[in-house]
Amino acid sequence: MHNITLIPGDGIGPEITDAVKTVIDAVGVTVQWDVKQVGLKALKECEDPLPQSAIDSIKANKIVLKGPVTTQVGRGFKSINVTLRQTFNLYANIRPIKSMQGIRTLYDDIDMVIFRENTEDLYAGIENVISENRVEAIKVITRQASRRIAEKAFHYSRQNHRKKVTAIHKANIMKKSDGLFLEEARKVAEKYEDIQYDELIVDNACMKLVQQPQMFDVILTENLYGDIISDLCAGLVGGLGIIPGMNVGDDYMIFEAVHGSAPDIAGKNIANPLAILLSAVEMLKYIHEQGAASSIQNAIYRLLETKNYLTPDLGGSATTTEMTEELCRLITNK
Ligand code: NAI
């Protein structure tokens with residue numbers, strides 16, 4: 001049995017996390033879900049958007065499956081996602097990007113994984129108002145953070161039989177900051193002789209990603225480039241609705257879909273649960289439930305191929321419940 005903290009989240013979060021629980025049940029993996037509210041719901045229930053009980057649960061279980069959490073724009077409490085990343089030092093944002101049969105895009109043979117540094121760069125949040133007409137934002141790149149994300153990418157590559165890591169940068173212009181990032185990436189690359197290493201300037205990388213995405217295997221990059229590139233890559237295989245995500249540190253992991261809480265469709269039973277289900281697939285692999293992970297993944301591929309029981313965002317008319325039931329049927333009938 002596995003102990004996992006489950007954060008249903010806001011908006012469509014409870015509907016899609018319920019779908020995950022149902023599917024994991026159908027595949028026969030026993031999970032003790034420790035359900036914790038964070039975000040708007042927690043604020044209403046216990047006047048704290050990130051209650052101590054949720055923090056304690058994550059500390060105890062170390063693995064979290066998280067639904068999306070609403071963040072108020074320009075007001076309200078600090079983003080729970082940012083707070084969780086900082087509290088648990090989740091320095092690597094990992095997104096597997098893979099073509100799926102049944103989802104029509106320009107390419108059908110994309111298979112890459114993006115490693116985005118999650119804690120610094122322009123996202124350090126240091127913005128100084130110098131005068132009424134001048135604001136400066138500071139880009140922070142440290143040797144330690146560059147080193148650990150490079151280590152993570154190469155270690156993952158070796159473990160998962162990936163052949164090449166491509167570091168994406170703009171060190172021709174940001175010679176010192178991106179230069180430091182590359183310096184550490186190169187040092188780590190030297191230790192992994194079995195994995196090919198190359199570098200691309202970010203603008204050129206974007207063109208190549210669109211024209212020839214098959215040339216990429218594992219991408220290693222800083223926070224801002226990673227943020228942009230990972231959505232570009234999601235678009236290459238069909239959008240955010242089918243992309244899993246993970247926030248990873250040395251001690252804790254949060255698995256979550258990349259999309260938000262979709263308040264416009266919340267409570268209507270039409271949310272697509274595939275992105276969070278694919279995140280759960282990554283979680284099952286991590287907890288050594290490879291067989292269950294493959295069963296769910298194959299069921300998702302078959303569902304997409306047959307084009308039946310798809311939710312409206314994928315061009316179908318099924319409800320979340322109907323799609324979930326069909327996935328369970330595909331899993332149990334094999
Ligand atoms: P969103 O991703 O929630 O929605 C954008 C559009 O995609 C909407 O039309 C929505 O209906 C649709 N959509 C999203 N997920 C879907 C799904 N699973 N199935 C079907 N349709 C789906 O982005 P938006 O509207 O910008 O953000 C809403 C809230 O979510 C905001 O408060 C934002 O801060 C938060 N958010 C939270 C994230 C997280 O917790 N990881 C990530 C991104 C946004």
# chains A, B, ... in the order shown; residues from 1 in each chain; ligands from 1
>>> residues_near_ligand(ligand="ligand 1", cutoff="9 Å", atoms="only C-alpha atoms and all ligand atoms", output="CSV table (one decimal) with all heavy atoms, in the first residue's frame")
chain,number,residue,atom,x,y,z
A,9,GLY,N,-7.7,20.4,-4.9
A,9,GLY,CA,-7.6,21.7,-5.6
A,9,GLY,C,-8.9,22.4,-5.8
A,9,GLY,O,-10.0,22.0,-5.3
A,10,ASP,N,-8.9,23.4,-6.6
A,10,ASP,CA,-10.1,24.2,-6.9
A,10,ASP,C,-10.7,23.9,-8.3
A,10,ASP,O,-10.1,23.2,-9.1
A,10,ASP,CB,-9.7,25.7,-6.8
A,10,ASP,CG,-9.1,26.1,-5.5
A,10,ASP,OD1,-9.7,25.8,-4.5
A,10,ASP,OD2,-8.1,26.8,-5.5
A,11,GLY,N,-11.9,24.6,-8.5
A,11,GLY,CA,-12.5,24.4,-9.9
A,11,GLY,C,-12.7,23.0,-10.3
A,11,GLY,O,-13.4,22.2,-9.5
A,12,ILE,N,-12.1,22.6,-11.4
A,12,ILE,CA,-12.3,21.2,-11.9
A,12,ILE,C,-11.5,20.2,-11.1
A,12,ILE,O,-11.6,19.0,-11.3
A,12,ILE,CB,-12.0,21.1,-13.4
A,12,ILE,CG1,-10.5,21.5,-13.7
A,12,ILE,CG2,-13.0,21.8,-14.2
A,12,ILE,CD1,-10.0,21.2,-15.1
A,13,GLY,N,-10.6,20.7,-10.2
A,13,GLY,CA,-9.7,19.8,-9.5
A,13,GLY,C,-10.4,18.6,-8.8
A,13,GLY,O,-9.9,17.5,-9.1
A,16,ILE,N,-11.4,16.0,-11.5
A,16,ILE,CA,-10.4,15.2,-12.2
A,16,ILE,C,-9.6,14.3,-11.3
A,16,ILE,O,-9.1,13.3,-11.6
A,16,ILE,CB,-9.5,16.1,-13.1
A,16,ILE,CG1,-8.8,17.2,-12.3
A,16,ILE,CG2,-10.3,16.7,-14.3
A,16,ILE,CD1,-7.8,18.1,-13.1
A,66,LYS,N,-1.6,16.4,-7.1
A,66,LYS,CA,-2.2,17.7,-6.8
A,66,LYS,C,-3.1,18.2,-8.0
A,66,LYS,O,-2.7,18.2,-9.2
A,66,LYS,CB,-1.1,18.8,-6.6
A,66,LYS,CG,-1.6,20.2,-6.4
A,66,LYS,CD,-0.5,21.1,-6.2
A,66,LYS,CE,-0.9,22.6,-6.5
A,66,LYS,NZ,-1.3,22.8,-7.8
A,67,GLY,N,-4.3,18.6,-7.7
A,67,GLY,CA,-5.2,19.2,-8.7
A,67,GLY,C,-4.8,20.7,-8.8
A,67,GLY,O,-4.1,21.2,-7.9
A,68,PRO,N,-5.3,21.4,-9.8
A,68,PRO,CA,-5.0,22.8,-9.9
A,68,PRO,C,-5.6,23.7,-8.9
A,68,PRO,O,-6.7,23.4,-8.3
A,68,PRO,CB,-5.6,23.2,-11.3
A,68,PRO,CG,-6.7,22.2,-11.5
A,68,PRO,CD,-6.3,20.9,-10.8
A,69,VAL,N,-4.9,24.7,-8.5
A,69,VAL,CA,-5.3,25.6,-7.5
A,69,VAL,C,-5.5,27.0,-8.1
A,69,VAL,O,-4.6,27.5,-8.8
A,69,VAL,CB,-4.3,25.7,-6.3
A,69,VAL,CG1,-4.7,26.7,-5.3
A,69,VAL,CG2,-4.2,24.3,-5.7
A,70,THR,N,-6.6,27.7,-7.8
A,70,THR,CA,-6.9,29.0,-8.3
A,70,THR,C,-6.0,30.0,-7.6
A,70,THR,O,-5.8,30.0,-6.4
A,70,THR,CB,-8.4,29.4,-8.0
A,70,THR,OG1,-9.2,28.5,-8.8
A,70,THR,CG2,-8.7,30.8,-8.5
A,71,THR,N,-5.4,30.9,-8.4
A,71,THR,CA,-4.6,32.0,-7.9
A,71,THR,C,-5.2,33.3,-8.3
A,71,THR,O,-5.4,33.5,-9.5
A,71,THR,CB,-3.1,32.0,-8.5
A,71,THR,OG1,-2.6,30.7,-8.2
A,71,THR,CG2,-2.3,33.0,-7.8
A,72,GLN,N,-5.5,34.1,-7.3
A,72,GLN,CA,-6.2,35.4,-7.7
A,72,GLN,C,-5.2,36.3,-8.3
A,72,GLN,O,-4.0,36.4,-7.9
A,72,GLN,CB,-6.8,36.0,-6.4
A,72,GLN,CG,-8.0,35.3,-5.9
A,72,GLN,CD,-8.2,35.4,-4.4
A,72,GLN,OE1,-7.2,35.4,-3.7
A,72,GLN,NE2,-9.4,35.6,-4.0
A,73,VAL,N,-5.6,37.0,-9.4
A,73,VAL,CA,-4.6,37.9,-10.1
A,73,VAL,C,-4.6,39.3,-9.4
A,73,VAL,O,-5.6,39.9,-9.2
A,73,VAL,CB,-5.1,38.0,-11.6
A,73,VAL,CG1,-4.2,39.0,-12.3
A,73,VAL,CG2,-5.1,36.7,-12.2
A,79,SER,N,0.7,32.9,-4.5
A,79,SER,CA,0.4,31.6,-5.3
A,79,SER,C,0.8,30.4,-4.4
A,79,SER,O,2.0,30.3,-4.0
A,79,SER,CB,1.2,31.6,-6.6
A,79,SER,OG,1.4,30.3,-7.0
A,80,ILE,N,-0.1,29.5,-4.3
A,80,ILE,CA,0.1,28.2,-3.5
A,80,ILE,C,1.2,27.4,-4.3
A,80,ILE,O,2.0,26.8,-3.6
A,80,ILE,CB,-1.2,27.4,-3.4
A,80,ILE,CG1,-2.1,28.2,-2.4
A,80,ILE,CG2,-0.9,26.0,-2.8
A,80,ILE,CD1,-1.6,28.4,-1.0
A,81,ASN,N,1.1,27.5,-5.6
A,81,ASN,CA,2.1,26.7,-6.4
A,81,ASN,C,3.5,27.1,-6.1
A,81,ASN,O,4.4,26.3,-5.9
A,81,ASN,CB,1.8,26.8,-7.9
A,81,ASN,CG,0.5,26.1,-8.2
A,81,ASN,OD1,0.1,25.1,-7.6
A,81,ASN,ND2,-0.3,26.8,-9.0
A,240,LEU,N,-2.1,21.5,-23.7
A,240,LEU,CA,-1.8,21.3,-22.2
A,240,LEU,C,-2.8,20.2,-21.6
A,240,LEU,O,-2.5,19.6,-20.6
A,240,LEU,CB,-2.0,22.6,-21.5
A,240,LEU,CG,-1.0,23.7,-21.7
A,240,LEU,CD1,-1.4,24.9,-20.9
A,240,LEU,CD2,0.4,23.2,-21.4
A,241,GLY,N,-3.9,19.9,-22.4
A,241,GLY,CA,-4.9,19.0,-21.8
A,241,GLY,C,-4.4,17.5,-21.8
A,241,GLY,O,-5.0,16.7,-21.2
A,242,ILE,N,-3.2,17.2,-22.4
A,242,ILE,CA,-2.7,15.9,-22.4
A,242,ILE,C,-1.3,15.8,-21.9
A,242,ILE,O,-0.6,14.8,-22.2
A,242,ILE,CB,-2.8,15.2,-23.8
A,242,ILE,CG1,-2.2,16.1,-24.9
A,242,ILE,CG2,-4.3,14.9,-24.1
A,242,ILE,CD1,-1.9,15.4,-26.1
A,256,GLU,N,1.3,16.8,-11.0
A,256,GLU,CA,0.1,17.6,-11.3
A,256,GLU,C,0.0,17.9,-12.8
A,256,GLU,O,1.0,17.9,-13.5
A,256,GLU,CB,0.1,19.0,-10.5
A,256,GLU,CG,1.2,19.9,-10.9
A,256,GLU,CD,1.2,21.2,-10.2
A,256,GLU,OE1,0.1,21.6,-9.8
A,256,GLU,OE2,2.2,21.9,-10.1
A,257,ALA,N,-1.2,18.2,-13.2
A,257,ALA,CA,-1.4,18.6,-14.6
A,257,ALA,C,-0.9,20.0,-14.8
A,257,ALA,O,-0.7,20.7,-13.8
A,257,ALA,CB,-2.9,18.5,-14.9
A,258,VAL,N,-0.6,20.4,-16.0
A,258,VAL,CA,-0.1,21.7,-16.2
A,258,VAL,C,-1.2,22.8,-16.3
A,258,VAL,O,-1.0,23.9,-16.0
A,258,VAL,CB,0.8,21.7,-17.5
A,258,VAL,CG1,1.4,23.0,-17.8
A,258,VAL,CG2,1.9,20.6,-17.4
A,259,HIS,N,-2.4,22.3,-16.7
A,259,HIS,CA,-3.5,23.3,-16.9
A,259,HIS,C,-4.0,23.8,-15.5
A,259,HIS,O,-3.6,23.3,-14.4
A,259,HIS,CB,-4.6,22.7,-17.6
A,259,HIS,CG,-5.2,21.5,-17.0
A,259,HIS,ND1,-6.0,21.6,-15.9
A,259,HIS,CD2,-5.2,20.2,-17.3
A,259,HIS,CE1,-6.4,20.4,-15.5
A,259,HIS,NE2,-5.9,19.5,-16.4
A,260,GLY,N,-4.8,24.8,-15.5
A,260,GLY,CA,-5.3,25.5,-14.3
A,260,GLY,C,-6.7,24.9,-13.9
A,260,GLY,O,-7.1,23.8,-14.3
A,261,SER,N,-7.4,25.6,-13.0
A,261,SER,CA,-8.6,25.1,-12.4
A,261,SER,C,-9.8,25.3,-13.2
A,261,SER,O,-10.9,24.9,-12.8
A,261,SER,CB,-8.8,25.8,-11.0
A,261,SER,OG,-8.8,27.2,-11.2
A,262,ALA,N,-9.7,25.8,-14.4
A,262,ALA,CA,-10.8,26.0,-15.4
A,262,ALA,C,-12.1,26.3,-14.8
A,262,ALA,O,-13.1,25.6,-14.9
A,262,ALA,CB,-10.9,24.7,-16.2
A,263,PRO,N,-12.2,27.5,-14.1
A,263,PRO,CA,-13.5,27.8,-13.4
A,263,PRO,C,-14.7,27.9,-14.4
A,263,PRO,O,-15.8,27.7,-13.9
A,263,PRO,CB,-13.2,29.2,-12.8
A,263,PRO,CG,-11.9,29.7,-13.3
A,263,PRO,CD,-11.1,28.5,-13.9
A,264,ASP,N,-14.4,28.1,-15.7
A,264,ASP,CA,-15.5,28.3,-16.6
A,264,ASP,C,-16.3,26.9,-16.8
A,264,ASP,O,-17.4,26.9,-17.2
A,264,ASP,CB,-15.0,28.8,-18.0
A,264,ASP,CG,-13.8,28.0,-18.5
A,264,ASP,OD1,-13.1,27.4,-17.7
A,264,ASP,OD2,-13.6,28.0,-19.8
A,265,ILE,N,-15.6,25.8,-16.5
A,265,ILE,CA,-16.3,24.5,-16.7
A,265,ILE,C,-16.4,23.7,-15.4
A,265,ILE,O,-16.9,22.6,-15.5
A,265,ILE,CB,-15.6,23.7,-17.8
A,265,ILE,CG1,-14.2,23.4,-17.5
A,265,ILE,CG2,-15.8,24.3,-19.2
A,265,ILE,CD1,-13.6,22.3,-18.3
A,266,ALA,N,-16.0,24.3,-14.3
A,266,ALA,CA,-16.1,23.6,-13.0
A,266,ALA,C,-17.5,23.2,-12.7
A,266,ALA,O,-18.4,23.9,-12.9
A,266,ALA,CB,-15.5,24.5,-11.9
A,270,ILE,N,-17.5,18.0,-17.3
A,270,ILE,CA,-17.0,17.8,-18.7
A,270,ILE,C,-15.5,18.1,-18.8
A,270,ILE,O,-14.9,18.1,-19.9
A,270,ILE,CB,-17.7,18.8,-19.7
A,270,ILE,CG1,-17.6,20.3,-19.2
A,270,ILE,CG2,-19.1,18.4,-20.0
A,270,ILE,CD1,-17.9,21.3,-20.2
A,271,ALA,N,-14.8,18.1,-17.6
A,271,ALA,CA,-13.4,18.4,-17.6
A,271,ALA,C,-12.6,17.1,-18.1
A,271,ALA,O,-13.0,16.0,-17.8
A,271,ALA,CB,-12.9,18.7,-16.2
A,272,ASN,N,-11.6,17.3,-18.9
A,272,ASN,CA,-10.7,16.3,-19.4
A,272,ASN,C,-9.7,15.8,-18.3
A,272,ASN,O,-8.9,16.6,-17.9
A,272,ASN,CB,-10.0,16.8,-20.6
A,272,ASN,CG,-9.0,15.9,-21.1
A,272,ASN,OD1,-8.8,14.8,-20.6
A,272,ASN,ND2,-8.2,16.3,-22.1
A,273,PRO,N,-9.8,14.6,-17.8
A,273,PRO,CA,-8.9,14.2,-16.7
A,273,PRO,C,-7.6,13.6,-17.2
A,273,PRO,O,-6.8,13.1,-16.4
A,273,PRO,CB,-9.7,13.1,-16.0
A,273,PRO,CG,-10.5,12.5,-17.2
A,273,PRO,CD,-10.8,13.5,-18.2
A,274,LEU,N,-7.3,13.6,-18.5
A,274,LEU,CA,-6.1,12.9,-19.1
A,274,LEU,C,-4.8,13.5,-18.6
A,274,LEU,O,-3.9,12.7,-18.3
A,274,LEU,CB,-6.1,12.8,-20.6
A,274,LEU,CG,-7.3,12.0,-21.2
A,274,LEU,CD1,-7.1,11.9,-22.7
A,274,LEU,CD2,-7.4,10.7,-20.6
A,275,ALA,N,-4.7,14.8,-18.5
A,275,ALA,CA,-3.4,15.4,-18.1
A,275,ALA,C,-3.0,15.0,-16.7
A,275,ALA,O,-1.9,14.6,-16.4
A,275,ALA,CB,-3.4,16.9,-18.2
A,276,ILE,N,-4.0,15.0,-15.8
A,276,ILE,CA,-3.7,14.6,-14.4
A,276,ILE,C,-3.5,13.1,-14.3
A,276,ILE,O,-2.7,12.6,-13.5
A,276,ILE,CB,-4.7,15.2,-13.4
A,276,ILE,CG1,-4.1,15.0,-12.0
A,276,ILE,CG2,-6.0,14.6,-13.4
A,276,ILE,CD1,-4.6,16.0,-10.9
A,311,THR,N,-13.9,13.9,-24.0
A,311,THR,CA,-14.6,15.1,-23.5
A,311,THR,C,-14.6,16.2,-24.6
A,311,THR,O,-13.9,16.1,-25.6
A,311,THR,CB,-13.9,15.6,-22.2
A,311,THR,OG1,-12.5,15.5,-22.5
A,311,THR,CG2,-14.2,14.7,-21.1
A,312,PRO,N,-15.5,17.2,-24.4
A,312,PRO,CA,-15.6,18.3,-25.5
A,312,PRO,C,-14.4,18.9,-25.9
A,312,PRO,O,-14.2,19.2,-27.1
A,312,PRO,CB,-16.6,19.3,-24.8
A,312,PRO,CG,-17.4,18.5,-23.8
A,312,PRO,CD,-16.4,17.4,-23.3
A,313,ASP,N,-13.4,19.2,-25.0
A,313,ASP,CA,-12.1,19.8,-25.4
A,313,ASP,C,-11.4,19.0,-26.4
A,313,ASP,O,-10.5,19.5,-27.2
A,313,ASP,CB,-11.3,20.1,-24.2
A,313,ASP,CG,-10.9,18.9,-23.5
A,313,ASP,OD1,-11.8,18.1,-23.0
A,313,ASP,OD2,-9.7,18.6,-23.4
A,314,LEU,N,-11.6,17.7,-26.5
A,314,LEU,CA,-10.9,16.8,-27.4
A,314,LEU,C,-11.8,16.5,-28.6
A,314,LEU,O,-11.6,15.6,-29.4
A,314,LEU,CB,-10.5,15.5,-26.7
A,314,LEU,CG,-9.5,15.6,-25.6
A,314,LEU,CD1,-9.2,14.3,-25.0
A,314,LEU,CD2,-8.1,16.1,-26.2
A,320,THR,N,-16.9,13.7,-18.0
A,320,THR,CA,-15.7,13.2,-17.3
A,320,THR,C,-16.0,11.8,-16.7
A,320,THR,O,-15.1,10.9,-16.9
A,320,THR,CB,-15.4,14.2,-16.1
A,320,THR,OG1,-15.5,15.5,-16.5
A,320,THR,CG2,-14.1,13.9,-15.5
>>> select_by_dssp(residues="stretch 137-293 of chain A", states="helix (DSSP H, G or I)", output="VMD selection string")
chain A and resid 143 to 159 177 to 191 202 to 211 213 to 215 223 to 237 240 to 242 274 to 286 290 to 293
>>> select_by_dssp(residues="stretch 211-261 of chain A", states="strand (DSSP E or B)", output="list of chain:residue names")
A:Val218, A:Ile219, A:Leu220, A:Thr221, A:Pro244, A:Gly245, A:Met246, A:Asn247, A:Val248, A:Met253, A:Ile254, A:Phe255, A:Glu256, A:Ala257
>>> residues_around(residues="A:Gln86", least_positions_apart="6", cutoff="12 Å", atoms="only C-alpha atoms", output="list in words")
Lys78, Ser79, Ile80, Ala92, Asn118, Thr119, Glu120, Tyr123, Ala124, Asn247, Val248, Gly249 and Tyr252 of chain A
>>> write_last_selection(atoms="all heavy atoms", output="short mmCIF file (atom, residue, chain, number, x, y, z; two decimals), in the first residue's frame")
data_model
loop_
_atom_site.label_atom_id
_atom_site.label_comp_id
_atom_site.auth_asym_id
_atom_site.auth_seq_id
_atom_site.Cartn_x
_atom_site.Cartn_y
_atom_site.Cartn_z
N LYS A 78 -0.57 34.71 -1.70
CA LYS A 78 0.53 34.37 -2.61
C LYS A 78 0.25 33.02 -3.28
O LYS A 78 -0.35 32.14 -2.67
CB LYS A 78 1.82 34.28 -1.76
CG LYS A 78 3.05 33.96 -2.55
CD LYS A 78 4.27 33.93 -1.64
CE LYS A 78 5.45 33.32 -2.37
NZ LYS A 78 6.62 33.15 -1.52
N SER A 79 0.68 32.88 -4.53
CA SER A 79 0.42 31.63 -5.26
C SER A 79 0.82 30.40 -4.44
O SER A 79 1.95 30.30 -3.96
CB SER A 79 1.23 31.65 -6.56
OG SER A 79 1.39 30.33 -7.04
N ILE A 80 -0.14 29.48 -4.29
CA ILE A 80 0.14 28.25 -3.53
C ILE A 80 1.18 27.41 -4.26
O ILE A 80 2.03 26.75 -3.65
CB ILE A 80 -1.18 27.44 -3.36
CG1 ILE A 80 -2.14 28.20 -2.45
CG2 ILE A 80 -0.90 26.05 -2.80
CD1 ILE A 80 -1.64 28.43 -1.05
N ALA A 92 13.15 21.08 -9.73
CA ALA A 92 13.08 20.62 -11.13
C ALA A 92 11.63 20.52 -11.57
O ALA A 92 10.82 19.87 -10.92
CB ALA A 92 13.76 19.27 -11.28
N ASN A 118 13.49 25.42 -11.58
CA ASN A 118 12.19 25.86 -11.07
C ASN A 118 12.27 26.95 -10.00
O ASN A 118 11.25 27.37 -9.47
CB ASN A 118 11.51 24.62 -10.42
CG ASN A 118 10.03 24.51 -10.70
OD1 ASN A 118 9.50 25.28 -11.49
ND2 ASN A 118 9.38 23.57 -10.06
N THR A 119 13.47 27.40 -9.62
CA THR A 119 13.55 28.23 -8.41
C THR A 119 14.14 29.62 -8.62
O THR A 119 14.03 30.47 -7.74
CB THR A 119 14.40 27.55 -7.32
OG1 THR A 119 15.74 27.38 -7.83
CG2 THR A 119 13.84 26.21 -6.92
N GLU A 120 14.85 29.84 -9.74
CA GLU A 120 15.52 31.14 -9.82
C GLU A 120 15.31 31.80 -11.19
O GLU A 120 14.21 31.84 -11.69
CB GLU A 120 16.99 31.01 -9.43
CG GLU A 120 17.77 29.97 -10.16
CD GLU A 120 19.21 29.90 -9.69
OE1 GLU A 120 19.51 30.12 -8.51
OE2 GLU A 120 20.07 29.58 -10.54
N TYR A 123 12.41 34.56 -12.32
CA TYR A 123 11.30 34.21 -11.42
C TYR A 123 11.68 34.37 -9.95
O TYR A 123 10.86 34.10 -9.07
CB TYR A 123 10.84 32.76 -11.67
CG TYR A 123 10.18 32.59 -13.01
CD1 TYR A 123 10.83 32.98 -14.18
CD2 TYR A 123 8.91 32.06 -13.13
CE1 TYR A 123 10.24 32.83 -15.42
CE2 TYR A 123 8.30 31.91 -14.36
CZ TYR A 123 8.98 32.30 -15.50
OH TYR A 123 8.39 32.15 -16.73
N ALA A 124 12.91 34.79 -9.67
CA ALA A 124 13.30 35.05 -8.28
C ALA A 124 12.45 36.19 -7.73
O ALA A 124 12.38 36.40 -6.52
CB ALA A 124 14.78 35.40 -8.21
N ASN A 247 6.82 18.38 -10.23
CA ASN A 247 7.75 19.29 -9.55
C ASN A 247 8.55 18.43 -8.58
O ASN A 247 7.98 17.80 -7.69
CB ASN A 247 6.98 20.37 -8.81
CG ASN A 247 6.32 21.33 -9.78
OD1 ASN A 247 6.99 22.00 -10.56
ND2 ASN A 247 5.00 21.36 -9.77
N VAL A 248 9.86 18.45 -8.78
CA VAL A 248 10.69 17.46 -8.11
C VAL A 248 11.82 18.11 -7.33
O VAL A 248 12.49 19.02 -7.83
CB VAL A 248 11.31 16.51 -9.18
CG1 VAL A 248 12.20 15.47 -8.53
CG2 VAL A 248 10.22 15.85 -9.99
N GLY A 249 12.05 17.63 -6.10
CA GLY A 249 13.23 18.04 -5.33
C GLY A 249 14.00 16.80 -4.94
O GLY A 249 13.80 15.73 -5.52
N TYR A 252 11.02 15.50 -2.01
CA TYR A 252 9.58 15.54 -2.23
C TYR A 252 9.25 15.62 -3.73
O TYR A 252 10.06 16.14 -4.51
CB TYR A 252 8.96 16.77 -1.55
CG TYR A 252 9.25 16.82 -0.07
CD1 TYR A 252 10.30 17.60 0.43
CD2 TYR A 252 8.50 16.07 0.83
CE1 TYR A 252 10.57 17.63 1.79
CE2 TYR A 252 8.77 16.11 2.19
CZ TYR A 252 9.81 16.88 2.67
OH TYR A 252 10.08 16.91 4.00
#
>>> residues_around(residues="A:Thr22", least_positions_apart="2", cutoff="10 Å", atoms="only C-alpha atoms", output="list in words")
Ile16, Thr17, Asp18, Ala19, Val20, Ile24, Asp25, Ala26, Val27, Thr321, Thr324, Glu325, Leu327 and Cys328 of chain A
>>> write_last_selection(atoms="C-alpha atoms", output="compact mmCIF listing (two decimals), in the first residue's frame")
# COMPACT_ATOMS: atom_id res chain seq x y z
CA ILE A 16 -10.38 15.20 -12.23
CA THR A 17 -8.72 13.93 -9.03
CA ASP A 18 -11.80 11.76 -8.39
CA ALA A 19 -11.26 10.33 -11.88
CA VAL A 20 -7.65 9.48 -10.97
CA ILE A 24 -6.02 3.77 -9.91
CA ASP A 25 -8.54 1.68 -8.04
CA ALA A 26 -9.48 -0.12 -11.26
CA VAL A 27 -5.85 -0.93 -12.04
CA THR A 321 -17.54 10.30 -15.64
CA THR A 324 -13.33 7.64 -16.70
CA GLU A 325 -15.68 4.63 -16.86
CA LEU A 327 -10.85 3.97 -19.24
CA CYS A 328 -11.66 1.58 -16.38
>>> atom_distance(atom1="atom CA of A:Ile110", atom2="atom CA of A:Val23")
26.3 Å
>>> closest_residue(among="A:Glu127, A:Glu199, A:Glu322, A:Asp34", to="A:Ile55", atoms="only C-alpha atoms")
A:Asp34
>>> closest_residue(among="A:Ile287, A:Met215, A:Ala150, A:Ile173", to="A:Val31", atoms="only C-alpha atoms")
A:Ile287
>>> closest_residue(among="A:Leu182, A:Ile103, A:Met253, A:Ala153", to="A:Leu303", atoms="only C-alpha atoms")
A:Ile103
>>> residues_around(residues="A:Asp251", least_positions_apart="4", cutoff="10 Å", atoms="only C-alpha atoms", output="ChimeraX atom specification")
/A:59,62-63,88-90
>>> closest_residue(among="A:Ile7, A:Leu310, A:Val64, A:Asp198", to="A:Phe255", atoms="only C-alpha atoms")
A:Val64
>>> closest_residue(among="A:Gln159, A:Gln212, A:Glu15, A:Pro8", to="A:Gly267", atoms="only C-alpha atoms")
A:Glu15
>>> decode(residues="stretch 213-222 of chain A", atoms="N, CA, C and O atoms", output="PDB file, in the first residue's frame")
ATOM      1  N   PRO A 213      11.314  18.549 -34.446  1.00  0.00           N
ATOM      2  CA  PRO A 213      11.278  18.238 -33.009  1.00  0.00           C
ATOM      3  C   PRO A 213      11.857  16.867 -32.666  1.00  0.00           C
ATOM      4  O   PRO A 213      12.244  16.628 -31.524  1.00  0.00           O
ATOM      5  N   GLN A 214      11.951  15.995 -33.683  1.00  0.00           N
ATOM      6  CA  GLN A 214      12.455  14.641 -33.407  1.00  0.00           C
ATOM      7  C   GLN A 214      13.924  14.634 -33.003  1.00  0.00           C
ATOM      8  O   GLN A 214      14.435  13.650 -32.488  1.00  0.00           O
ATOM      9  N   MET A 215      14.636  15.747 -33.267  1.00  0.00           N
ATOM     10  CA  MET A 215      16.061  15.770 -32.928  1.00  0.00           C
ATOM     11  C   MET A 215      16.293  15.952 -31.420  1.00  0.00           C
ATOM     12  O   MET A 215      17.399  15.805 -30.927  1.00  0.00           O
ATOM     13  N   PHE A 216      15.217  16.249 -30.666  1.00  0.00           N
ATOM     14  CA  PHE A 216      15.379  16.490 -29.228  1.00  0.00           C
ATOM     15  C   PHE A 216      15.035  15.231 -28.423  1.00  0.00           C
ATOM     16  O   PHE A 216      14.101  14.515 -28.757  1.00  0.00           O
ATOM     17  N   ASP A 217      15.807  15.036 -27.380  1.00  0.00           N
ATOM     18  CA  ASP A 217      15.587  13.884 -26.509  1.00  0.00           C
ATOM     19  C   ASP A 217      15.295  14.407 -25.090  1.00  0.00           C
ATOM     20  O   ASP A 217      14.162  14.403 -24.640  1.00  0.00           O
ATOM     21  N   VAL A 218      16.338  14.924 -24.413  1.00  0.00           N
ATOM     22  CA  VAL A 218      16.122  15.580 -23.118  1.00  0.00           C
ATOM     23  C   VAL A 218      16.584  17.025 -23.239  1.00  0.00           C
ATOM     24  O   VAL A 218      17.686  17.291 -23.728  1.00  0.00           O
ATOM     25  N   ILE A 219      15.733  17.949 -22.825  1.00  0.00           N
ATOM     26  CA  ILE A 219      16.075  19.374 -22.870  1.00  0.00           C
ATOM     27  C   ILE A 219      16.376  19.838 -21.449  1.00  0.00           C
ATOM     28  O   ILE A 219      15.623  19.547 -20.516  1.00  0.00           O
ATOM     29  N   LEU A 220      17.482  20.556 -21.306  1.00  0.00           N
ATOM     30  CA  LEU A 220      17.886  21.092 -19.999  1.00  0.00           C
ATOM     31  C   LEU A 220      17.930  22.607 -20.131  1.00  0.00           C
ATOM     32  O   LEU A 220      18.640  23.137 -21.000  1.00  0.00           O
ATOM     33  N   THR A 221      17.163  23.316 -19.287  1.00  0.00           N
ATOM     34  CA  THR A 221      17.140  24.765 -19.484  1.00  0.00           C
ATOM     35  C   THR A 221      16.767  25.518 -18.201  1.00  0.00           C
ATOM     36  O   THR A 221      16.373  24.926 -17.201  1.00  0.00           O
ATOM     37  N   GLU A 222      16.930  26.838 -18.284  1.00  0.00           N
ATOM     38  CA  GLU A 222      16.620  27.700 -17.144  1.00  0.00           C
ATOM     39  C   GLU A 222      15.105  27.912 -17.037  1.00  0.00           C
ATOM     40  O   GLU A 222      14.347  27.476 -17.895  1.00  0.00           O
TER      41      GLU A 222
END
